[in-house]
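First comes the structure, then the notes that go with it.
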Amino acid sequence: MSTTNGLIGKSIRRVEDKRFITGRGNYTDDIILPHQTYASFARSPYAHANILSVNIEAAKAMAGVVAIFTGADVADINGVPCGWQVNFKDGTTMKEPKHPLLVKDKALHVGDPVAIVIAETREQAKDAAEAIVVEYEELAAVVNAAEAVRPGAPQVHESAPNNICYDWELGNPKAEVNEAMSKAAHVTTLEFVNQRLVPNAIEPRSYIGAYDEAYDKYTLYTSTQNPHLIRLLMCAFVLGIPEHKVRVVGPDVGGGFGSKIFHYTEEALLTWATKKIKRPIKWTSDRSESFLLDAHGRDHITKAEMGFDADGKIVALRAKTFANLGAYLSTFSTAVPTYLHGTLLQGLYTTPKINVDVTGVFTNTTAVDAYRGAGRPEATYLLERLIDLAALEMGVDPVTLRLKNFIPPFNGVDEPGYQTQVALQYDSGNYHGVLEKGLAILGYEDFRAQQKEALNNGKLLGVGFSTYIEACGIAPSAVVGSLGARAGLFEVGQVRVQPTGKVSVYTGSHSHGQGHETTFAQVVADKLGIAMDDVEIIHGDSDSVAFGMGTYGSRSLAVGGSAIVKSIEKIVEKGKKIAAHKLEASADDIDFANGKFTVKGTDKSLSFGDIALTAYVPHVYPKDLEPGLDFSSFYDPANFTYPFGCHIAVVEVDKQTGKVTMKRFIAVDDVGNVINPMIVEGQIHGGVVQGIGQALFEGAEYDENGQLTNGSYMDYCMPRADDFPMFETGSQVTPCPHNPLGVKGAGEAGCIGSTPAVVNAVIDALWSGGHKVKDIRMPLTSERVWRAMKQ
Amino acid sequence: MSIRIHVKVNGAEYSHDVEPRLLLVHYLRDVLRLTGTHVGCDTSSCGACTIHVNGLATKSCTLLAVQADGCKITTIEGVANNGNLHPLQEAFKECHGLQCGFCTPGMIMTSADLLKHNHNPSEEEIRTALEGNFCRCTGYHNIVKSVQHAAEKMQKEVTV
């Protein structure tokens, strides 16, 4: 189908903005249901403790208390499940201890819930939760993944010896990689920590569970990225409630970044408890609770080596990672350090031998799961730090070294995709192109002279590069199924043409800032040749949207958008049959363009509106055709999509204090075809700030007792408006060859490419001043940079 | 124990008996049902709850409702004028200064305060003024552009 009215590719202003700029958004905490109660929790103050007794008597007697439930009350209910099975190298199944809705005998991280209090008001619930008396026996805790696997370390779960959930490897056999590495002329080695991050969507998680006895029906309002997935997991795996008796609504959601993908215990607990008390229950997380409970991101301890021949060609890559999974397995936690990290270690390079070895580890910390980029930022950081460092060590230009090792361009249509050593097959790429565009924006030919001049003026100026690739559009169900995913990863898109020709679109993708109500409407209006005002995008309600797998992994447009396009194709095909009948022609002779069905070579035509009306008032109508114009489609992608790009950071390091100042940041991203450039650029900006946040500001810090020592905005350094310059962006388009829109996804790219560019720039600045530092642990605070210079 | 308060919010007079510990933000959200003012933290750091109290940008989670007794309050629901959006509201849409929308009301209220006192702020002044408002979606880039855009528009309106 060809583009008809040119809406695709335009920076249309967003239709959803009106409600947000006037304060009329509808987030979960904005909803108050009749007779609603409020929940609060008694939580473990210890990272690891036996629970000796729980006394709720005083709390029960307090004003406004409706009910209190403890771990004993929910002991027979299943825990929340993990959605991805990763096996040990020997083929045995990963260790999968129960993640209970409330803990009964043992608390495994600070914040583990011991009891839920339900009361008439928020304040009464909190007062009563504080009055619950729990007797704990504190146990030694373990927080570091590399330490947790050592003999004698405290054991988080009896069922997981040495705290190991799984050990896993991917790529070429170790012996082959070791042999190639042993023959290398130069090996760059880096031991580093990809530190733990707290997602910090600005809307705290919020839920309302409501049971309607008259209909025997539950409703869960939830700040989620995937309402149907929550319904499926909660009904089938936790509570055993029939799915058709549960409606899950994800209304406006204030940012997710991965942290709202997962099925959290509070969702199931509120749904269970609302039937017990026969009243709605709301719980909204405090920010302090968010720090302790929302699944964190990253937390890898890695040793990586990259071997080069005498000519600078990469001959081997070897990586060993200890991935901290936290105390319990969150929904997709097991897949992040393995299938979303190890599979990306080919990068943009022709490396012939690669082996990645990952040990997934339990600790007495908050669960770790997908956070913007999910595994791909870790892979990119590993590769891009290594190659820039290798260039410094070998005294060659980092750009020259990349160009020497890049995979040559291929379009994936008449040239095949690129088969990596780590399972994936890239769809299409032109990696030289994005680097050249980035260099042009930077003015690289002048940069080294500027660097020298800065040095003469007593300043350390540095440039850092990052040329990344990522895998989005997750994913072909059969492929992920073979890799251990316990779900299909298709998407559903329904296009319902109303009798008047207006169009309602129901999508399983969920928008929490991405602007689907605009982008998807652009696609539909463009393809049907109608006005955008005549299209409405409906999402987030399991009772109106047939099914859905939700939004994560930059998949909405590539998978959800493709499902909608499939339905549009069916509508046009049926429309042609109706038009053919009315115009007394053959359906093969009907063209559809610009909202009109026309008999080829004539001026006989009917508008889209005429056809819609005819479909619902089928007086003159093909005999063998059903009335109506309403199609639903499931789209299961043929492959992942592979966006890529080049990010360049320019920083200045203060010699006296070590303070890093961002001078410039350049991002050239190739995300395939672009529906709305304004929205894509906005996604890149946001991702870049989260990526720079990791490089310079953010990091969860635990002490040896398992206490999160920076669990508030007073202590955890969030990126702020005054930390950044204006960004310089560029783009290139290499269409995805295997989905109907040719799109690849843009949600995470900024966060994947930016982090190593910034760290590389700081390292480059230090080397320019004679400080031959290999690594500084992120975040690169003034103190850490200053200490590195004093080494 | 409850205390009687009288406030004027977005031009309308209200009088309620409230618990002394009730935060102003919860009074606005739960009692008056003005839910455009959001709660993003518990340390007065994120700025999602920013409103105007007697004309000054204020984080409504730092005040008790009883402290607002007798005050004139404007929330995001009250910044449009007779159905005409405030130039900042228009600018945030025009410049794609919002994504999930959760921080947006606070951003607009803080920016409105800035533009009231500084008609032609530099990029640096805008960034400094907004450092107490967190946004996790936009990378601030388009928020700064939105404020610049609104400032230009408001200047033009004054000269016209």
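Convention: chains lettered A, B, ... in structure tokens order; per-chain residue numbering from 1; ligands numbered from 1 as shown.
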Define the interface residues of chain A facing chain B as those within 6 Å, counting only C-alpha atoms, and report them as a PyMOL selection string.
-> chain A and resi 20-24+30+202-203+254-255+287+512-513+682+685-686+689+720-722
Dump as an mmCIF file, in the first residue's frame, selection limited to C-alpha atoms:
data_model
loop_
_atom_site.group_PDB
_atom_site.id
_atom_site.type_symbol
_atom_site.label_atom_id
_atom_site.label_comp_id
_atom_site.auth_asym_id
_atom_site.auth_seq_id
_atom_site.Cartn_x
_atom_site.Cartn_y
_atom_site.Cartn_z
ATOM 1 C CA PHE A 20 -1.787 16.906 29.933
ATOM 2 C CA ILE A 21 -1.082 20.632 29.532
ATOM 3 C CA THR A 22 -4.424 21.497 31.101
ATOM 4 C CA GLY A 23 -4.038 19.149 34.069
ATOM 5 C CA ARG A 24 -6.731 16.780 32.855
ATOM 6 C CA ASP A 30 -6.232 10.543 40.121
ATOM 7 C CA ILE A 202 8.174 10.428 37.881
ATOM 8 C CA GLU A 203 4.732 8.899 38.455
ATOM 9 C CA GLY A 254 3.552 8.754 33.965
ATOM 10 C CA GLY A 255 6.591 7.150 32.413
ATOM 11 C CA ARG A 287 8.989 7.722 46.309
ATOM 12 C CA HIS A 512 3.075 6.140 28.576
ATOM 13 C CA GLY A 513 4.716 9.095 26.894
ATOM 14 C CA GLY A 682 12.135 13.649 21.634
ATOM 15 C CA HIS A 685 16.753 13.419 23.820
ATOM 16 C CA GLY A 686 15.158 11.640 26.754
ATOM 17 C CA VAL A 689 19.782 12.187 29.340
ATOM 18 C CA ARG A 720 18.516 18.046 36.034
ATOM 19 C CA ALA A 721 17.833 20.707 33.417
ATOM 20 C CA ASP A 722 21.013 22.613 34.215
#
Please report, as a VMD selection string, each residue of stretch 701-744 of chain A to which DSSP assigns strand (DSSP E or B) when run on this structure's backbone.
-> chain A and resid 702 708 728 to 731 743
Would you list the contacts of A:Thr781 as an MDAnalysis selection string, taking every protein, DNA or RNA residue within 8 Å and counting only C-alpha atoms, but skipping same-chain residues closer than 3 positions in sequence?
-> chainID A and resid 658:660 696:697 778 784:785
Residues from last step as file, C-alpha atoms, as a PDB file, in the first residue's frame:
ATOM      1  CA  GLY A 658      37.634  16.704  38.553  1.00  0.00           C
ATOM      2  CA  LYS A 659      34.260  18.172  37.650  1.00  0.00           C
ATOM      3  CA  VAL A 660      33.012  17.017  34.249  1.00  0.00           C
ATOM      4  CA  LEU A 696      27.835  11.122  35.383  1.00  0.00           C
ATOM      5  CA  PHE A 697      25.184  11.180  38.108  1.00  0.00           C
ATOM      6  CA  MET A 778      30.430   5.244  37.017  1.00  0.00           C
ATOM      7  CA  ARG A 784      36.219   9.854  41.353  1.00  0.00           C
ATOM      8  CA  VAL A 785      37.669  11.786  38.417  1.00  0.00           C
TER       9      VAL A 785
END
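One distance worth recording is that between atom CA of A:Asn594 and atom CA of A:Val565, which is 16.1 Å.
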For A:Asn78, which of A:Asp357, A:Phe237, A:Val315, A:Ala47 is the closest residue, counting only C-alpha atoms?
-> A:Phe237
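Within 8 Å of A:Pro199, once only C-alpha atoms are used and residues closer than 2 positions along the same chain are dropped, the contacting residues are Leu197, Ala201, Gly256, Phe257, Gly258, Ser259, Asp294, Ala295, His296, Gly297 and Tyr371 of chain A.
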Could you write out that same residue set with C-alpha atoms as a PDB file, in the first residue's frame?
ATOM      1  CA  LEU A 197      20.289   2.277  38.418  1.00  0.00           C
ATOM      2  CA  ALA A 201       9.531   7.213  36.393  1.00  0.00           C
ATOM      3  CA  GLY A 256       7.742   3.566  32.604  1.00  0.00           C
ATOM      4  CA  PHE A 257      11.261   3.056  31.237  1.00  0.00           C
ATOM      5  CA  GLY A 258      10.827  -0.656  31.844  1.00  0.00           C
ATOM      6  CA  SER A 259       9.945  -0.437  35.502  1.00  0.00           C
ATOM      7  CA  ASP A 294      10.496  -0.806  41.631  1.00  0.00           C
ATOM      8  CA  ALA A 295      12.776  -3.207  39.776  1.00  0.00           C
ATOM      9  CA  HIS A 296      16.217  -1.662  39.310  1.00  0.00           C
ATOM     10  CA  GLY A 297      18.390  -1.800  36.200  1.00  0.00           C
ATOM     11  CA  TYR A 371      15.453  -0.621  32.453  1.00  0.00           C
TER      12      TYR A 371
END
Name all residues at most 9 Å from A:Asp388 (count only C-alpha atoms; drop same-chain ones fewer than 4 positions away) and give them as a ChimeraX atom specification.
-> /A:383-384,392-393,397-399,401-402,464-466,760,764
Keeping only N, CA and C atoms, take the residues you just selected and write them out as a PDB file, in the first residue's frame.
ATOM      1  N   LEU A 383      31.502  -2.977  24.719  1.00  0.00           N
ATOM      2  CA  LEU A 383      32.205  -2.910  23.430  1.00  0.00           C
ATOM      3  C   LEU A 383      32.830  -1.539  23.178  1.00  0.00           C
ATOM      4  N   GLU A 384      32.068  -0.504  23.438  1.00  0.00           N
ATOM      5  CA  GLU A 384      32.513   0.836  23.050  1.00  0.00           C
ATOM      6  C   GLU A 384      33.579   1.390  23.982  1.00  0.00           C
ATOM      7  N   LEU A 392      43.391   4.176  22.337  1.00  0.00           N
ATOM      8  CA  LEU A 392      44.347   4.937  23.157  1.00  0.00           C
ATOM      9  C   LEU A 392      45.597   4.104  23.423  1.00  0.00           C
ATOM     10  N   GLU A 393      45.392   2.845  23.807  1.00  0.00           N
ATOM     11  CA  GLU A 393      46.531   1.978  24.130  1.00  0.00           C
ATOM     12  C   GLU A 393      47.439   1.745  22.930  1.00  0.00           C
ATOM     13  N   ASP A 397      43.815   6.238  15.978  1.00  0.00           N
ATOM     14  CA  ASP A 397      42.621   7.056  16.083  1.00  0.00           C
ATOM     15  C   ASP A 397      41.389   6.158  16.302  1.00  0.00           C
ATOM     16  N   PRO A 398      40.515   6.519  17.276  1.00  0.00           N
ATOM     17  CA  PRO A 398      39.363   5.658  17.558  1.00  0.00           C
ATOM     18  C   PRO A 398      38.395   5.546  16.375  1.00  0.00           C
ATOM     19  N   VAL A 399      38.367   6.573  15.544  1.00  0.00           N
ATOM     20  CA  VAL A 399      37.493   6.512  14.361  1.00  0.00           C
ATOM     21  C   VAL A 399      38.074   5.545  13.331  1.00  0.00           C
ATOM     22  N   LEU A 401      40.025   3.071  13.896  1.00  0.00           N
ATOM     23  CA  LEU A 401      39.915   1.695  14.398  1.00  0.00           C
ATOM     24  C   LEU A 401      38.510   1.141  14.163  1.00  0.00           C
ATOM     25  N   ARG A 402      37.508   1.994  14.347  1.00  0.00           N
ATOM     26  CA  ARG A 402      36.122   1.545  14.090  1.00  0.00           C
ATOM     27  C   ARG A 402      35.918   1.249  12.614  1.00  0.00           C
ATOM     28  N   GLY A 464      34.547  11.512  23.063  1.00  0.00           N
ATOM     29  CA  GLY A 464      34.293  10.078  23.193  1.00  0.00           C
ATOM     30  C   GLY A 464      33.292   9.630  22.144  1.00  0.00           C
ATOM     31  N   PHE A 465      33.535   8.462  21.592  1.00  0.00           N
ATOM     32  CA  PHE A 465      32.660   7.932  20.549  1.00  0.00           C
ATOM     33  C   PHE A 465      31.910   6.706  21.051  1.00  0.00           C
ATOM     34  N   SER A 466      30.760   6.489  20.454  1.00  0.00           N
ATOM     35  CA  SER A 466      30.032   5.256  20.705  1.00  0.00           C
ATOM     36  C   SER A 466      29.234   4.952  19.451  1.00  0.00           C
ATOM     37  N   ASN A 760      34.014   7.577  27.637  1.00  0.00           N
ATOM     38  CA  ASN A 760      35.163   7.623  26.724  1.00  0.00           C
ATOM     39  C   ASN A 760      35.721   9.037  26.595  1.00  0.00           C
ATOM     40  N   ASP A 764      39.417  10.175  27.464  1.00  0.00           N
ATOM     41  CA  ASP A 764      40.206  10.857  26.425  1.00  0.00           C
ATOM     42  C   ASP A 764      40.769  12.177  26.956  1.00  0.00           C
TER      43      ASP A 764
END
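Relative to atom CA of A:Ile648, atom CA of A:Ala379 is found at 17.5 Å.
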Would you list, as a PyMOL selection string, the residues of stretch 416-518 of chain A that end up in alpha helix (DSSP H) under DSSP run on this structure's backbone?
-> chain A and resi 431-442+444-456+477-482+516-518
Selected residues written out, N, CA and C atoms, as a CSV table (one decimal), in the first residue's frame:
chain,number,residue,atom,x,y,z
A,431,TYR,N,26.6,1.3,8.8
A,431,TYR,CA,27.2,1.8,10.0
A,431,TYR,C,28.2,3.0,9.7
A,432,HIS,N,28.9,2.9,8.6
A,432,HIS,CA,29.8,3.9,8.2
A,432,HIS,C,29.1,5.3,8.1
A,433,GLY,N,27.8,5.2,7.6
A,433,GLY,CA,27.1,6.4,7.3
A,433,GLY,C,26.8,7.2,8.5
A,434,VAL,N,26.4,6.6,9.6
A,434,VAL,CA,26.1,7.3,10.8
A,434,VAL,C,27.3,7.9,11.5
A,435,LEU,N,28.4,7.2,11.4
A,435,LEU,CA,29.7,7.7,11.9
A,435,LEU,C,30.1,8.9,11.2
A,436,GLU,N,30.1,8.8,9.8
A,436,GLU,CA,30.5,10.0,9.0
A,436,GLU,C,29.6,11.2,9.3
A,437,LYS,N,28.3,11.0,9.5
A,437,LYS,CA,27.4,12.1,9.8
A,437,LYS,C,27.8,12.7,11.1
A,438,GLY,N,28.1,11.9,12.1
A,438,GLY,CA,28.4,12.4,13.4
A,438,GLY,C,29.7,13.2,13.4
A,439,LEU,N,30.7,12.7,12.6
A,439,LEU,CA,32.0,13.4,12.5
A,439,LEU,C,31.8,14.7,11.9
A,440,ALA,N,30.9,14.8,10.9
A,440,ALA,CA,30.7,16.1,10.2
A,440,ALA,C,30.1,17.1,11.1
A,441,ILE,N,29.1,16.6,11.9
A,441,ILE,CA,28.5,17.6,12.9
A,441,ILE,C,29.5,18.0,13.9
A,442,LEU,N,30.4,17.1,14.4
A,442,LEU,CA,31.4,17.4,15.3
A,442,LEU,C,32.5,18.3,14.8
A,444,TYR,N,35.3,16.9,13.2
A,444,TYR,CA,36.4,16.1,13.9
A,444,TYR,C,37.8,16.5,13.5
A,445,GLU,N,37.9,17.0,12.2
A,445,GLU,CA,39.2,17.3,11.7
A,445,GLU,C,39.9,18.5,12.5
A,446,ASP,N,39.0,19.3,13.1
A,446,ASP,CA,39.5,20.4,13.9
A,446,ASP,C,39.7,20.1,15.4
A,447,PHE,N,39.1,18.9,15.8
A,447,PHE,CA,38.9,18.7,17.2
A,447,PHE,C,40.3,18.5,18.0
A,448,ARG,N,41.2,17.8,17.4
A,448,ARG,CA,42.4,17.5,18.1
A,448,ARG,C,43.2,18.8,18.3
A,449,ALA,N,43.1,19.7,17.3
A,449,ALA,CA,43.8,21.0,17.5
A,449,ALA,C,43.2,21.8,18.7
A,450,GLN,N,41.8,21.7,18.7
A,450,GLN,CA,41.1,22.4,19.9
A,450,GLN,C,41.5,21.8,21.2
A,451,GLN,N,41.7,20.4,21.2
A,451,GLN,CA,42.1,19.7,22.4
A,451,GLN,C,43.5,20.2,22.9
A,452,LYS,N,44.4,20.3,21.9
A,452,LYS,CA,45.8,20.8,22.3
A,452,LYS,C,45.7,22.2,22.8
A,453,GLU,N,44.9,23.0,22.1
A,453,GLU,CA,44.8,24.4,22.5
A,453,GLU,C,44.2,24.5,23.9
A,454,ALA,N,43.2,23.7,24.2
A,454,ALA,CA,42.6,23.7,25.5
A,454,ALA,C,43.7,23.3,26.6
A,455,LEU,N,44.5,22.3,26.3
A,455,LEU,CA,45.5,21.9,27.2
A,455,LEU,C,46.5,23.0,27.5
A,456,ASN,N,46.8,23.7,26.4
A,456,ASN,CA,47.7,24.9,26.6
A,456,ASN,C,47.1,25.9,27.5
A,477,SER,N,7.8,-14.9,18.0
A,477,SER,CA,7.4,-15.7,19.1
A,477,SER,C,8.2,-17.1,19.1
A,478,ALA,N,8.3,-17.7,17.9
A,478,ALA,CA,9.0,-19.0,17.9
A,478,ALA,C,10.5,-18.9,18.3
A,479,VAL,N,11.1,-17.8,17.9
A,479,VAL,CA,12.5,-17.6,18.3
A,479,VAL,C,12.7,-17.4,19.8
A,480,VAL,N,11.9,-16.5,20.3
A,480,VAL,CA,12.0,-16.2,21.8
A,480,VAL,C,11.6,-17.4,22.6
A,481,GLY,N,10.6,-18.2,22.0
A,481,GLY,CA,10.1,-19.4,22.7
A,481,GLY,C,11.3,-20.4,22.8
A,482,SER,N,12.0,-20.5,21.8
A,482,SER,CA,13.2,-21.5,21.8
A,482,SER,C,14.3,-21.0,22.7
A,516,HIS,N,1.6,7.4,21.1
A,516,HIS,CA,1.0,6.5,20.1
A,516,HIS,C,-0.3,7.1,19.6
A,517,GLU,N,-1.0,7.9,20.4
A,517,GLU,CA,-2.3,8.5,20.0
A,517,GLU,C,-2.1,9.4,18.7
A,518,THR,N,-0.9,9.9,18.6
A,518,THR,CA,-0.6,10.7,17.4
A,518,THR,C,0.0,9.8,16.3
To one decimal place, how far is atom CA of B:Asn120 from atom CA of B:Gln155 in Å?
-> 7.9 Å
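Using only C-alpha atoms for every distance, the candidate list A:Val651, A:Ala471, A:Leu317, A:Val523 yields A:Ala471 as the residue closest to A:Ala374.
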